[in-house]
$ cat entry-v2.txt   # compact mmCIF, C-alpha atoms (C1' of nucleotides)
# COMPACT_ATOMS: atom_id res chain seq x y z
CA MET A 1 106.86 163.18 29.95
CA ARG A 2 106.27 166.70 31.00
CA LYS A 3 105.80 167.92 34.48
CA GLN A 4 102.31 169.23 34.75
CA THR A 5 103.10 171.54 37.61
CA SER A 6 105.99 173.39 36.04
CA THR A 7 105.70 177.03 35.09
CA ASN A 8 106.83 175.97 31.69
CA TRP A 9 103.88 173.66 31.26
CA LEU A 10 101.40 176.18 32.62
CA ASN A 11 102.68 178.86 30.30
CA GLU A 12 102.36 176.62 27.31
CA GLU A 13 98.84 175.56 28.22
CA ARG A 14 97.73 179.14 28.75
CA LEU A 15 99.12 180.17 25.39
CA LYS A 16 97.55 177.28 23.54
CA ALA A 17 94.20 178.06 25.11
CA THR A 18 94.20 181.74 24.27
CA CYS A 19 96.08 182.01 21.00
CA GLY A 20 95.24 180.10 17.85
CA MET A 21 98.68 180.70 16.47
CA ALA A 22 100.40 179.28 19.51
CA TYR A 23 98.07 176.34 19.24
CA THR A 24 99.09 175.75 15.64
CA LEU A 25 102.76 176.13 16.43
CA ASN A 26 102.39 173.54 19.11
CA LEU A 27 101.19 171.03 16.58
CA ILE A 28 103.69 171.63 13.82
CA GLY A 29 106.54 173.46 15.52
CA ASP A 30 108.69 170.50 16.45
CA ARG A 31 111.95 169.97 14.71
CA TRP A 32 110.79 167.53 12.04
CA LYS A 33 107.04 167.80 11.87
CA GLY A 34 106.86 170.38 9.14
CA SER A 35 109.07 168.27 6.93
CA ILE A 36 107.10 165.11 7.58
CA LEU A 37 103.86 166.82 6.64
CA TRP A 38 105.48 168.35 3.62
CA ALA A 39 106.73 164.98 2.47
CA LEU A 40 103.26 163.49 2.84
CA MET A 41 101.77 166.28 0.78
CA GLU A 42 104.06 165.48 -2.06
CA ASP A 43 103.91 161.73 -1.89
CA GLU A 44 100.46 160.73 -0.67
CA ARG A 45 101.66 157.68 1.22
CA LEU A 46 105.01 156.85 2.66
CA ARG A 47 106.42 154.04 4.71
CA PHE A 48 108.36 154.51 7.90
CA SER A 49 111.62 153.67 6.21
CA GLN A 50 110.90 155.97 3.29
CA LEU A 51 110.32 158.87 5.61
CA ARG A 52 113.47 158.00 7.51
CA ASP A 53 115.47 158.12 4.30
CA LEU A 54 113.85 161.29 3.05
CA LEU A 55 114.48 163.22 6.24
CA THR A 56 118.23 163.30 6.25
CA GLY A 57 119.59 163.12 9.75
CA ILE A 58 116.49 162.05 11.62
CA SER A 59 116.84 159.13 14.00
CA GLU A 60 114.31 156.34 14.19
CA ARG A 61 113.50 157.34 17.72
CA MET A 62 112.62 160.88 16.66
CA LEU A 63 110.68 159.80 13.62
CA ALA A 64 108.57 157.38 15.63
CA LYS A 65 107.85 160.02 18.22
CA GLN A 66 106.85 162.68 15.76
CA LEU A 67 104.64 160.29 13.84
CA ASP A 68 102.97 159.25 17.07
CA GLU A 69 102.16 162.80 17.97
CA LEU A 70 100.94 163.71 14.52
CA GLU A 71 98.63 160.74 14.61
CA GLU A 72 97.35 161.66 18.04
CA ASP A 73 96.61 165.15 16.76
CA GLN A 74 94.69 163.58 13.89
CA LEU A 75 96.88 165.05 11.20
CA ILE A 76 98.01 161.72 9.78
CA ASN A 77 96.72 158.18 9.52
CA ARG A 78 98.75 155.11 10.24
CA ILE A 79 98.03 152.17 7.99
CA VAL A 80 99.36 148.83 9.14
CA HIS A 81 99.64 145.98 6.68
CA PRO A 82 99.62 142.74 8.60
CA GLU A 83 102.67 141.23 7.01
CA VAL A 84 106.05 140.05 8.09
CA PRO A 85 108.28 141.91 8.06
CA PRO A 86 105.80 144.65 8.91
CA ARG A 87 104.77 147.32 6.48
CA VAL A 88 103.35 150.56 7.76
CA GLU A 89 102.29 153.51 5.72
CA TYR A 90 101.43 157.04 6.66
CA GLU A 91 99.15 159.49 4.94
CA LEU A 92 97.56 162.81 5.72
CA THR A 93 94.08 162.95 7.15
CA GLU A 94 91.58 165.44 5.80
CA LEU A 95 92.58 167.73 8.63
CA GLY A 96 96.18 167.25 7.64
CA HIS A 97 95.41 168.21 4.07
CA SER A 98 93.63 171.32 5.30
CA MET A 99 96.99 172.69 6.36
CA LYS A 100 98.33 172.70 2.88
CA SER A 101 97.85 176.33 1.93
CA MET A 102 99.07 177.44 5.33
CA LEU A 103 102.24 175.43 5.05
CA GLU A 104 102.80 176.71 1.56
CA LYS A 105 102.50 180.23 2.80
CA MET A 106 105.03 179.53 5.50
CA SER A 107 107.37 178.01 3.01
CA ASP A 108 107.06 180.90 0.57
CA TRP A 109 107.57 183.47 3.27
CA GLY A 110 110.64 181.62 4.49
CA GLU A 111 112.27 181.52 1.08
CA MET A 112 111.52 185.18 0.56
CA HIS A 113 112.86 186.23 3.93
CA ARG A 114 115.98 184.15 3.52
CA GLU A 115 116.81 185.87 0.27
CA LYS A 116 116.27 189.32 1.72
CA ILE A 117 118.44 188.59 4.69
CA GLU A 118 121.19 186.96 2.68
CA ASN A 119 121.38 189.92 0.31
CA ASN A 120 121.25 192.47 3.10
CA MET B 121 125.09 179.41 23.37
CA ARG B 122 124.70 176.37 21.23
CA LYS B 123 127.30 173.82 20.48
CA GLN B 124 128.09 174.12 16.85
CA THR B 125 129.36 170.60 16.55
CA SER B 126 126.34 168.78 17.95
CA THR B 127 124.16 166.62 15.78
CA ASN B 128 121.28 168.70 16.98
CA TRP B 129 122.80 171.88 15.63
CA LEU B 130 123.78 170.28 12.35
CA ASN B 131 120.29 168.90 11.84
CA GLU B 132 118.73 172.25 12.45
CA GLU B 133 121.09 174.02 10.07
CA ARG B 134 120.47 171.48 7.35
CA LEU B 135 116.73 171.85 7.70
CA LYS B 136 116.83 175.62 7.66
CA ALA B 137 118.95 175.57 4.57
CA THR B 138 116.77 173.21 2.59
CA CYS B 139 113.24 173.91 3.74
CA GLY B 140 111.57 177.30 3.72
CA MET B 141 109.01 176.18 6.22
CA ALA B 142 111.63 175.01 8.71
CA TYR B 143 113.34 178.33 8.19
CA THR B 144 110.16 180.20 9.03
CA LEU B 145 109.47 178.02 12.04
CA ASN B 146 112.91 178.79 13.29
CA LEU B 147 112.15 182.47 13.32
CA ILE B 148 108.74 182.41 14.90
CA GLY B 149 108.52 179.03 16.54
CA ASP B 150 109.81 179.94 19.98
CA ARG B 151 107.45 179.91 22.89
CA TRP B 152 106.53 183.61 22.90
CA LYS B 153 107.50 184.97 19.54
CA GLY B 154 104.19 184.51 17.83
CA SER B 155 102.42 186.34 20.61
CA ILE B 156 104.89 189.19 20.58
CA LEU B 157 104.46 189.68 16.87
CA TRP B 158 100.73 189.41 17.18
CA ALA B 159 100.67 192.05 19.89
CA LEU B 160 102.73 194.39 17.73
CA MET B 161 100.35 193.91 14.83
CA GLU B 162 97.47 195.06 16.94
CA ASP B 163 99.18 197.90 18.74
CA GLU B 164 101.75 199.39 16.40
CA ARG B 165 104.18 200.29 19.17
CA LEU B 166 104.65 198.81 22.59
CA ARG B 167 107.06 199.36 25.43
CA PHE B 168 108.98 196.59 27.12
CA SER B 169 106.79 196.81 30.20
CA GLN B 170 103.62 196.81 28.14
CA LEU B 171 104.65 193.65 26.38
CA ARG B 172 105.59 192.09 29.68
CA ASP B 173 102.14 192.83 31.04
CA LEU B 174 100.33 191.70 27.92
CA LEU B 175 102.09 188.36 27.76
CA THR B 176 100.82 186.79 30.93
CA GLY B 177 103.44 184.60 32.48
CA ILE B 178 106.50 185.70 30.53
CA SER B 179 109.59 186.56 32.53
CA GLU B 180 111.70 189.60 31.80
CA ARG B 181 114.57 187.35 30.93
CA MET B 182 112.55 185.56 28.27
CA LEU B 183 111.01 188.72 26.90
CA ALA B 184 114.39 190.38 26.51
CA LYS B 185 115.79 187.34 24.78
CA GLN B 186 112.94 186.95 22.34
CA LEU B 187 112.97 190.65 21.49
CA ASP B 188 116.70 190.46 20.90
CA GLU B 189 116.33 187.63 18.47
CA LEU B 190 113.41 189.19 16.65
CA GLU B 191 115.44 192.34 16.21
CA GLU B 192 118.42 190.41 14.96
CA ASP B 193 116.17 188.69 12.42
CA GLN B 194 114.98 192.11 11.30
CA LEU B 195 111.36 191.49 12.19
CA ILE B 196 111.11 194.30 14.73
CA ASN B 197 112.73 197.67 15.42
CA ARG B 198 113.91 198.81 18.79
CA ILE B 199 113.38 202.49 19.50
CA VAL B 200 115.26 203.91 22.45
CA HIS B 201 114.20 207.23 23.91
CA PRO B 202 117.16 208.75 25.72
CA GLU B 203 115.43 209.48 28.99
CA VAL B 204 115.71 208.41 32.58
CA PRO B 205 114.17 206.12 33.50
CA PRO B 206 114.62 204.60 30.09
CA ARG B 207 111.82 204.23 27.61
CA VAL B 208 112.09 201.69 24.84
CA GLU B 209 109.51 200.91 22.23
CA TYR B 210 109.19 198.07 19.78
CA GLU B 211 107.49 198.01 16.42
CA LEU B 212 107.35 195.71 13.44
CA THR B 213 109.67 196.29 10.51
CA GLU B 214 108.34 196.07 7.01
CA LEU B 215 109.49 192.49 6.93
CA GLY B 216 107.67 191.93 10.17
CA HIS B 217 104.49 193.31 8.69
CA SER B 218 104.88 191.03 5.71
CA MET B 219 104.14 188.09 7.98
CA LYS B 220 100.70 189.33 8.78
CA SER B 221 98.59 187.23 6.44
CA MET B 222 100.65 184.17 7.21
CA LEU B 223 100.19 184.56 10.94
CA GLU B 224 96.49 185.15 10.45
CA LYS B 225 96.26 181.96 8.51
CA MET B 226 98.02 180.09 11.26
CA SER B 227 95.73 181.60 13.84
CA ASP B 228 92.59 180.77 11.87
CA TRP B 229 93.68 177.24 11.24
CA GLY B 230 94.48 176.81 14.92
CA GLU B 231 91.06 177.97 16.06
CA MET B 232 89.39 175.76 13.52
CA HIS B 233 91.40 172.69 14.42
CA ARG B 234 90.86 173.23 18.12
CA GLU B 235 87.11 173.26 17.66
CA LYS B 236 87.15 170.11 15.59
CA ILE B 237 89.26 168.28 18.08
CA GLU B 238 87.30 169.46 21.07
CA ASN B 239 84.03 168.34 19.49
CA ASN B 240 85.44 165.04 18.33
C1' DG C 241 122.16 211.11 50.28
C1' DC C 242 118.41 207.77 49.31
C1' DC C 243 114.81 205.86 46.76
C1' DA C 244 112.08 204.96 42.76
C1' DA C 245 111.44 203.97 37.95
C1' DT C 246 112.53 201.21 33.55
C1' DA C 247 114.75 198.07 30.82
C1' DC C 248 117.43 195.09 30.94
C1' DT C 249 121.71 191.29 32.65
C1' DT C 250 123.61 187.69 35.08
C1' DA C 251 124.30 183.37 37.49
C1' DC C 252 122.48 179.36 38.53
C1' DA C 253 119.00 175.64 38.66
C1' DA C 254 115.23 173.00 36.75
C1' DA C 255 112.98 171.05 33.02
C1' DA C 256 112.45 169.57 28.33
C1' DT C 257 114.17 167.96 24.04
C1' DT C 258 117.18 165.33 21.25
C1' DG C 259 120.84 161.87 20.25
C1' DT C 260 122.99 157.16 20.62
C1' DA C 261 122.99 152.61 20.71
C1' DA C 262 121.04 148.44 21.67
C1' DG C 263 117.04 145.37 21.84
C1' DC C 264 112.38 143.43 20.58
C1' DT C 265 108.87 140.95 17.62
C1' DT C 266 107.29 137.85 14.11
C1' DC C 267 107.54 135.21 10.32
C1' DT C 268 110.18 133.52 6.14
C1' DA C 269 113.71 132.08 3.41
C1' DT C 270 118.16 129.59 3.73
C1' DA D 271 118.42 126.84 13.56
C1' DT D 272 119.83 130.90 12.11
C1' DA D 273 119.73 135.18 9.96
C1' DG D 274 117.25 138.94 8.26
C1' DA D 275 113.78 142.37 7.44
C1' DA D 276 110.77 146.49 9.16
C1' DG D 277 109.13 149.22 12.45
C1' DC D 278 109.42 150.34 16.30
C1' DT D 279 110.86 150.72 21.89
C1' DT D 280 113.93 151.41 25.69
C1' DA D 281 117.58 153.20 28.68
C1' DC D 282 120.64 156.49 29.26
C1' DA D 283 123.43 160.61 28.20
C1' DA D 284 124.13 165.10 26.07
C1' DT D 285 122.28 169.24 24.75
C1' DT D 286 119.15 172.98 24.79
C1' DT D 287 115.55 175.77 26.62
C1' DT D 288 113.24 177.94 30.28
C1' DG D 289 112.56 179.69 35.07
C1' DT D 290 114.04 182.18 39.35
C1' DA D 291 115.93 185.57 41.73
C1' DA D 292 118.99 189.02 42.29
C1' DG D 293 121.67 192.80 40.44
C1' DT D 294 122.98 197.00 37.20
C1' DA D 295 122.74 201.84 35.25
C1' DT D 296 120.98 206.56 35.23
C1' DT D 297 118.84 210.59 36.99
C1' DG D 298 115.07 213.27 38.96
C1' DG D 299 112.34 214.04 43.13
C1' DC D 300 112.10 213.99 48.29
$ encode --input "entry-v2.txt" --output "structure tokens"
Amino acid sequence: MRKQTSTNWLNEERLKATCGMAYTLNLIGDRWKGSILWALMEDERLRFSQLRDLLTGISERMLAKQLDELEEDQLINRIVHPEVPPRVEYELTELGHSMKSMLEKMSDWGEMHREKIENN
Amino acid sequence: MRKQTSTNWLNEERLKATCGMAYTLNLIGDRWKGSILWALMEDERLRFSQLRDLLTGISERMLAKQLDELEEDQLINRIVHPEVPPRVEYELTELGHSMKSMLEKMSDWGEMHREKIENN
DNA sequence: GCCAATACTTACAAAATTGTAAGCTTCTAT
DNA sequence: ATAGAAGCTTACAATTTTGTAAGTATTGGC
């Protein structure tokens, strides 16, 4: 829970409201979100446990939280199969898919920059 | 200073090393970095005080820190004019400029997504 | 000598994020 | 009846980021 009177919160809100890039970063800038989206672009549908195993090092707590937020932002769908033990799958929404070329660009730029910096 | 033995730090390093997108997000994902870069794309060269005034709400402490890191990552140049009182200007490096189309894409996507969500 | 101007630093506090470990639910197979 | 499976949730602690306010250096003008 964030404190909606903090300078920190106000600054973030102002930025999101005035800058499309800041807005985007807010949606995908968290530690694991990029990787989750990336995984779902490659695999179409993944279960909670599959994502957990793909994202080396993530805790269940983090994964659940990030998935929650991505769903709230309408970037992914959560598909619950009413079985026991439960089976839940995640997939990109149309909006989620619309990020694809952007994320690819970010990925390409990152690889390029890394090389340049490492061979400085 | 970060603790180089924390799980947090290890997770971040692993991600940066294996995922170009995470690497990129690490460079530009901080609260104000996108806006700083954006400002420098529009204005070519800006002084410390100009940036401070453009970025409503930023503190000098934050601005100095973000500029430091951007310089270290070779995305901006710091130009010191040996005068008193001091005059310091910042501009994008070539590498910094190479982000332009990526940042535009992020900005465009953000504006688009915001509209969709607000008219849901 | 004293103040103002600019671009920072610094120390400390507050807030936010992330990690760790345990627990919950619901049915099914043993 | 007991254990186990999957997908979470919770409480609490550690870590990390951000904010606040004050201070520093240098020199020219009053």
$ residues_around --input "entry-v2.txt" --residues "stretch 179-190 of chain B" --least-positions-apart "4" --cutoff "10 Å" --atoms "all atoms listed in the file" --output "list in words"
Leu147, Ile148, Asp150, Arg151, Trp152, Lys153, Ile156, Leu157, Phe168, Ser169, Leu171, Arg172, Asp173, Leu175, Gln194, Leu195, Ile196, Asn197, Arg198, Tyr210, Leu212 and Gly216 of chain B; DA247, DC248, DT249 and DT250 of chain C; DT288, DG289 and DT290 of chain D
$ residues_around --input "entry-v2.txt" --residues "D:DA283" --least-positions-apart "5" --cutoff "12 Å" --atoms "only C-alpha atoms (C1' of nucleotides)" --output "ChimeraX atom specification"
/C:258-261
$ closest_residue --input "entry-v2.txt" --among "B:Thr213, B:Pro202, B:Glu235, B:Asp228" --to "D:DT297" --atoms "only C-alpha atoms (C1' of nucleotides)"
B:Pro202
$ closest_residue --input "entry-v2.txt" --among "D:DA284, D:DA292, D:DA273, D:DC278" --to "chain A" --atoms "only C-alpha atoms (C1' of nucleotides)"
D:DC278
$ calpha_fit_and_write --input "entry-v2.txt" --fixed "chain A" --moving "chain B" --output "tab-separated table (two decimals) with C-alpha atoms, keeping the file's coordinate frame"
chain	number	residue	atom	x	y	z
B	121	MET	CA	106.76	163.06	30.10
B	122	ARG	CA	106.28	166.62	31.13
B	123	LYS	CA	105.80	167.91	34.58
B	124	GLN	CA	102.32	169.22	34.78
B	125	THR	CA	103.06	171.54	37.63
B	126	SER	CA	105.97	173.42	36.10
B	127	THR	CA	105.70	177.04	35.15
B	128	ASN	CA	106.84	176.00	31.73
B	129	TRP	CA	103.91	173.66	31.29
B	130	LEU	CA	101.42	176.16	32.65
B	131	ASN	CA	102.69	178.87	30.32
B	132	GLU	CA	102.38	176.63	27.33
B	133	GLU	CA	98.86	175.55	28.23
B	134	ARG	CA	97.75	179.12	28.76
B	135	LEU	CA	99.13	180.16	25.40
B	136	LYS	CA	97.56	177.27	23.56
B	137	ALA	CA	94.24	178.04	25.12
B	138	THR	CA	94.21	181.72	24.28
B	139	CYS	CA	96.07	182.01	21.01
B	140	GLY	CA	95.24	180.11	17.85
B	141	MET	CA	98.67	180.71	16.45
B	142	ALA	CA	100.41	179.28	19.51
B	143	TYR	CA	98.07	176.33	19.24
B	144	THR	CA	99.08	175.75	15.64
B	145	LEU	CA	102.76	176.15	16.43
B	146	ASN	CA	102.39	173.55	19.09
B	147	LEU	CA	101.19	171.04	16.57
B	148	ILE	CA	103.68	171.64	13.82
B	149	GLY	CA	106.51	173.47	15.51
B	150	ASP	CA	108.67	170.50	16.45
B	151	ARG	CA	111.94	169.98	14.71
B	152	TRP	CA	110.77	167.53	12.04
B	153	LYS	CA	107.03	167.82	11.87
B	154	GLY	CA	106.84	170.37	9.12
B	155	SER	CA	109.07	168.27	6.92
B	156	ILE	CA	107.09	165.12	7.58
B	157	LEU	CA	103.86	166.82	6.63
B	158	TRP	CA	105.46	168.36	3.61
B	159	ALA	CA	106.74	164.99	2.45
B	160	LEU	CA	103.28	163.49	2.83
B	161	MET	CA	101.77	166.28	0.78
B	162	GLU	CA	104.06	165.48	-2.09
B	163	ASP	CA	103.90	161.72	-1.91
B	164	GLU	CA	100.46	160.75	-0.68
B	165	ARG	CA	101.67	157.68	1.19
B	166	LEU	CA	105.03	156.87	2.65
B	167	ARG	CA	106.45	154.04	4.69
B	168	PHE	CA	108.37	154.52	7.89
B	169	SER	CA	111.64	153.65	6.18
B	170	GLN	CA	110.92	155.97	3.29
B	171	LEU	CA	110.34	158.87	5.62
B	172	ARG	CA	113.48	157.99	7.52
B	173	ASP	CA	115.48	158.12	4.31
B	174	LEU	CA	113.86	161.29	3.06
B	175	LEU	CA	114.48	163.21	6.25
B	176	THR	CA	118.24	163.30	6.25
B	177	GLY	CA	119.58	163.12	9.75
B	178	ILE	CA	116.47	162.06	11.63
B	179	SER	CA	116.82	159.15	14.01
B	180	GLU	CA	114.28	156.36	14.20
B	181	ARG	CA	113.50	157.37	17.73
B	182	MET	CA	112.60	160.90	16.68
B	183	LEU	CA	110.67	159.81	13.62
B	184	ALA	CA	108.56	157.39	15.63
B	185	LYS	CA	107.84	160.03	18.23
B	186	GLN	CA	106.85	162.71	15.77
B	187	LEU	CA	104.63	160.32	13.83
B	188	ASP	CA	102.97	159.27	17.07
B	189	GLU	CA	102.15	162.81	17.98
B	190	LEU	CA	100.93	163.72	14.52
B	191	GLU	CA	98.62	160.74	14.61
B	192	GLU	CA	97.35	161.65	18.03
B	193	ASP	CA	96.60	165.16	16.76
B	194	GLN	CA	94.67	163.60	13.89
B	195	LEU	CA	96.87	165.07	11.19
B	196	ILE	CA	97.99	161.73	9.77
B	197	ASN	CA	96.70	158.17	9.50
B	198	ARG	CA	98.74	155.11	10.23
B	199	ILE	CA	98.04	152.16	7.97
B	200	VAL	CA	99.38	148.82	9.12
B	201	HIS	CA	99.65	145.97	6.65
B	202	PRO	CA	99.61	142.70	8.57
B	203	GLU	CA	102.69	141.17	7.01
B	204	VAL	CA	106.09	140.04	8.11
B	205	PRO	CA	108.30	141.93	8.05
B	206	PRO	CA	105.85	144.65	8.90
B	207	ARG	CA	104.80	147.32	6.47
B	208	VAL	CA	103.36	150.56	7.75
B	209	GLU	CA	102.28	153.51	5.71
B	210	TYR	CA	101.43	157.05	6.66
B	211	GLU	CA	99.14	159.49	4.94
B	212	LEU	CA	97.56	162.82	5.72
B	213	THR	CA	94.06	162.95	7.15
B	214	GLU	CA	91.59	165.43	5.81
B	215	LEU	CA	92.58	167.74	8.61
B	216	GLY	CA	96.17	167.24	7.63
B	217	HIS	CA	95.40	168.22	4.07
B	218	SER	CA	93.64	171.32	5.30
B	219	MET	CA	97.00	172.69	6.37
B	220	LYS	CA	98.32	172.72	2.87
B	221	SER	CA	97.85	176.36	1.92
B	222	MET	CA	99.06	177.47	5.32
B	223	LEU	CA	102.24	175.45	5.06
B	224	GLU	CA	102.80	176.73	1.55
B	225	LYS	CA	102.50	180.24	2.80
B	226	MET	CA	105.02	179.56	5.51
B	227	SER	CA	107.38	178.01	3.01
B	228	ASP	CA	107.06	180.90	0.57
B	229	TRP	CA	107.57	183.47	3.25
B	230	GLY	CA	110.63	181.60	4.48
B	231	GLU	CA	112.26	181.51	1.07
B	232	MET	CA	111.53	185.15	0.54
B	233	HIS	CA	112.87	186.23	3.90
B	234	ARG	CA	115.99	184.14	3.50
B	235	GLU	CA	116.82	185.85	0.23
B	236	LYS	CA	116.30	189.29	1.69
B	237	ILE	CA	118.47	188.57	4.65
B	238	GLU	CA	121.19	186.93	2.64
B	239	ASN	CA	121.37	189.90	0.27
B	240	ASN	CA	121.23	192.44	3.05
$ closest_atom_pairs --input "entry-v2.txt" --of "chain A" --to "chain B" --cutoff "8 Å" --atoms "all atoms listed in the file" --output "CSV"
residue,atom,partner,partner_atom,distance
A:Asn11,CA,B:Gly177,CA,6.2
A:Glu12,CA,B:Arg151,CA,7.5
A:Cys19,CA,B:Ser227,CA,7.2
A:Gly20,CA,B:Ser227,CA,4.3
A:Met21,CA,B:Ser227,CA,4.1
A:Ala22,CA,B:Gly154,CA,6.7
A:Tyr23,CA,B:Gly230,CA,5.6
A:Thr24,CA,B:Gly230,CA,4.8
A:Leu25,CA,B:Gly149,CA,6.4
A:Gly29,CA,B:Gly149,CA,6.0
A:Arg31,CA,B:Glu132,CA,7.5
A:Gly34,CA,B:Ala142,CA,6.7
A:Ser35,CA,B:Ala142,CA,7.4
A:Gly57,CA,B:Asn131,CA,6.2
A:Ile58,CA,B:Asn131,CA,7.8
A:Leu95,CA,B:His233,CA,7.7
A:Met99,CA,B:Trp229,CA,7.4
A:Met102,CA,B:Lys225,CA,6.2
A:Leu103,CA,B:Met141,CA,6.9
A:Glu104,CA,B:Met141,CA,7.8
A:Lys105,CA,B:Met222,CA,6.2
A:Met106,CA,B:Met141,CA,5.3
A:Ser107,CA,B:Met141,CA,4.0
A:Asp108,CA,B:Gly140,CA,6.6
A:Trp109,CA,B:Thr144,CA,7.1
A:Gly110,CA,B:Gly140,CA,4.5
A:Glu111,CA,B:Gly140,CA,5.0
A:His113,CA,B:Leu215,CA,7.7
A:Arg114,CA,B:Tyr143,CA,7.9
$ residues_around --input "entry-v2.txt" --residues "C:DA262" --least-positions-apart "3" --cutoff "12 Å" --atoms "only C-alpha atoms (C1' of nucleotides)" --output "JSON, numbers by chain"
{"D": [279, 280, 281, 282]}
$ atom_distance --input "entry-v2.txt" --atom1 "atom CA of A:Glu13" --atom2 "atom CA of B:Glu162"
22.6 Å
$ atom_distance --input "entry-v2.txt" --atom1 "atom C1' of C:DC264" --atom2 "atom CA of A:Arg45"
26.3 Å
$ closest_residue --input "entry-v2.txt" --among "D:DG299, D:DT286, D:DA276, D:DT294" --to "chain B" --atoms "all atoms listed in the file"
D:DT286
$ atom_distance --input "entry-v2.txt" --atom1 "atom CA of A:Asn119" --atom2 "atom CA of B:Ala159"
28.6 Å
$ residues_around --input "entry-v2.txt" --residues "D:DC300" --least-positions-apart "2" --cutoff "12 Å" --atoms "all atoms listed in the file" --output "PyMOL selection string"
(chain C and resi 241-244) or (chain D and resi 298)
$ residues_near_point --input "entry-v2.txt" --point "(106.7, 133.4, 5.3)" --cutoff "10 Å" --atoms "only C-alpha atoms (C1' of nucleotides)" --output "tab-separated table (two decimals) with C-alpha atoms (C1' of nucleotides), keeping the file's coordinate frame"
chain	number	residue	atom	x	y	z
A	83	GLU	CA	102.67	141.23	7.01
A	84	VAL	CA	106.05	140.05	8.09
A	85	PRO	CA	108.28	141.91	8.06
C	266	DT	C1'	107.29	137.85	14.11
C	267	DC	C1'	107.54	135.21	10.32
C	268	DT	C1'	110.18	133.52	6.14
C	269	DA	C1'	113.71	132.08	3.41
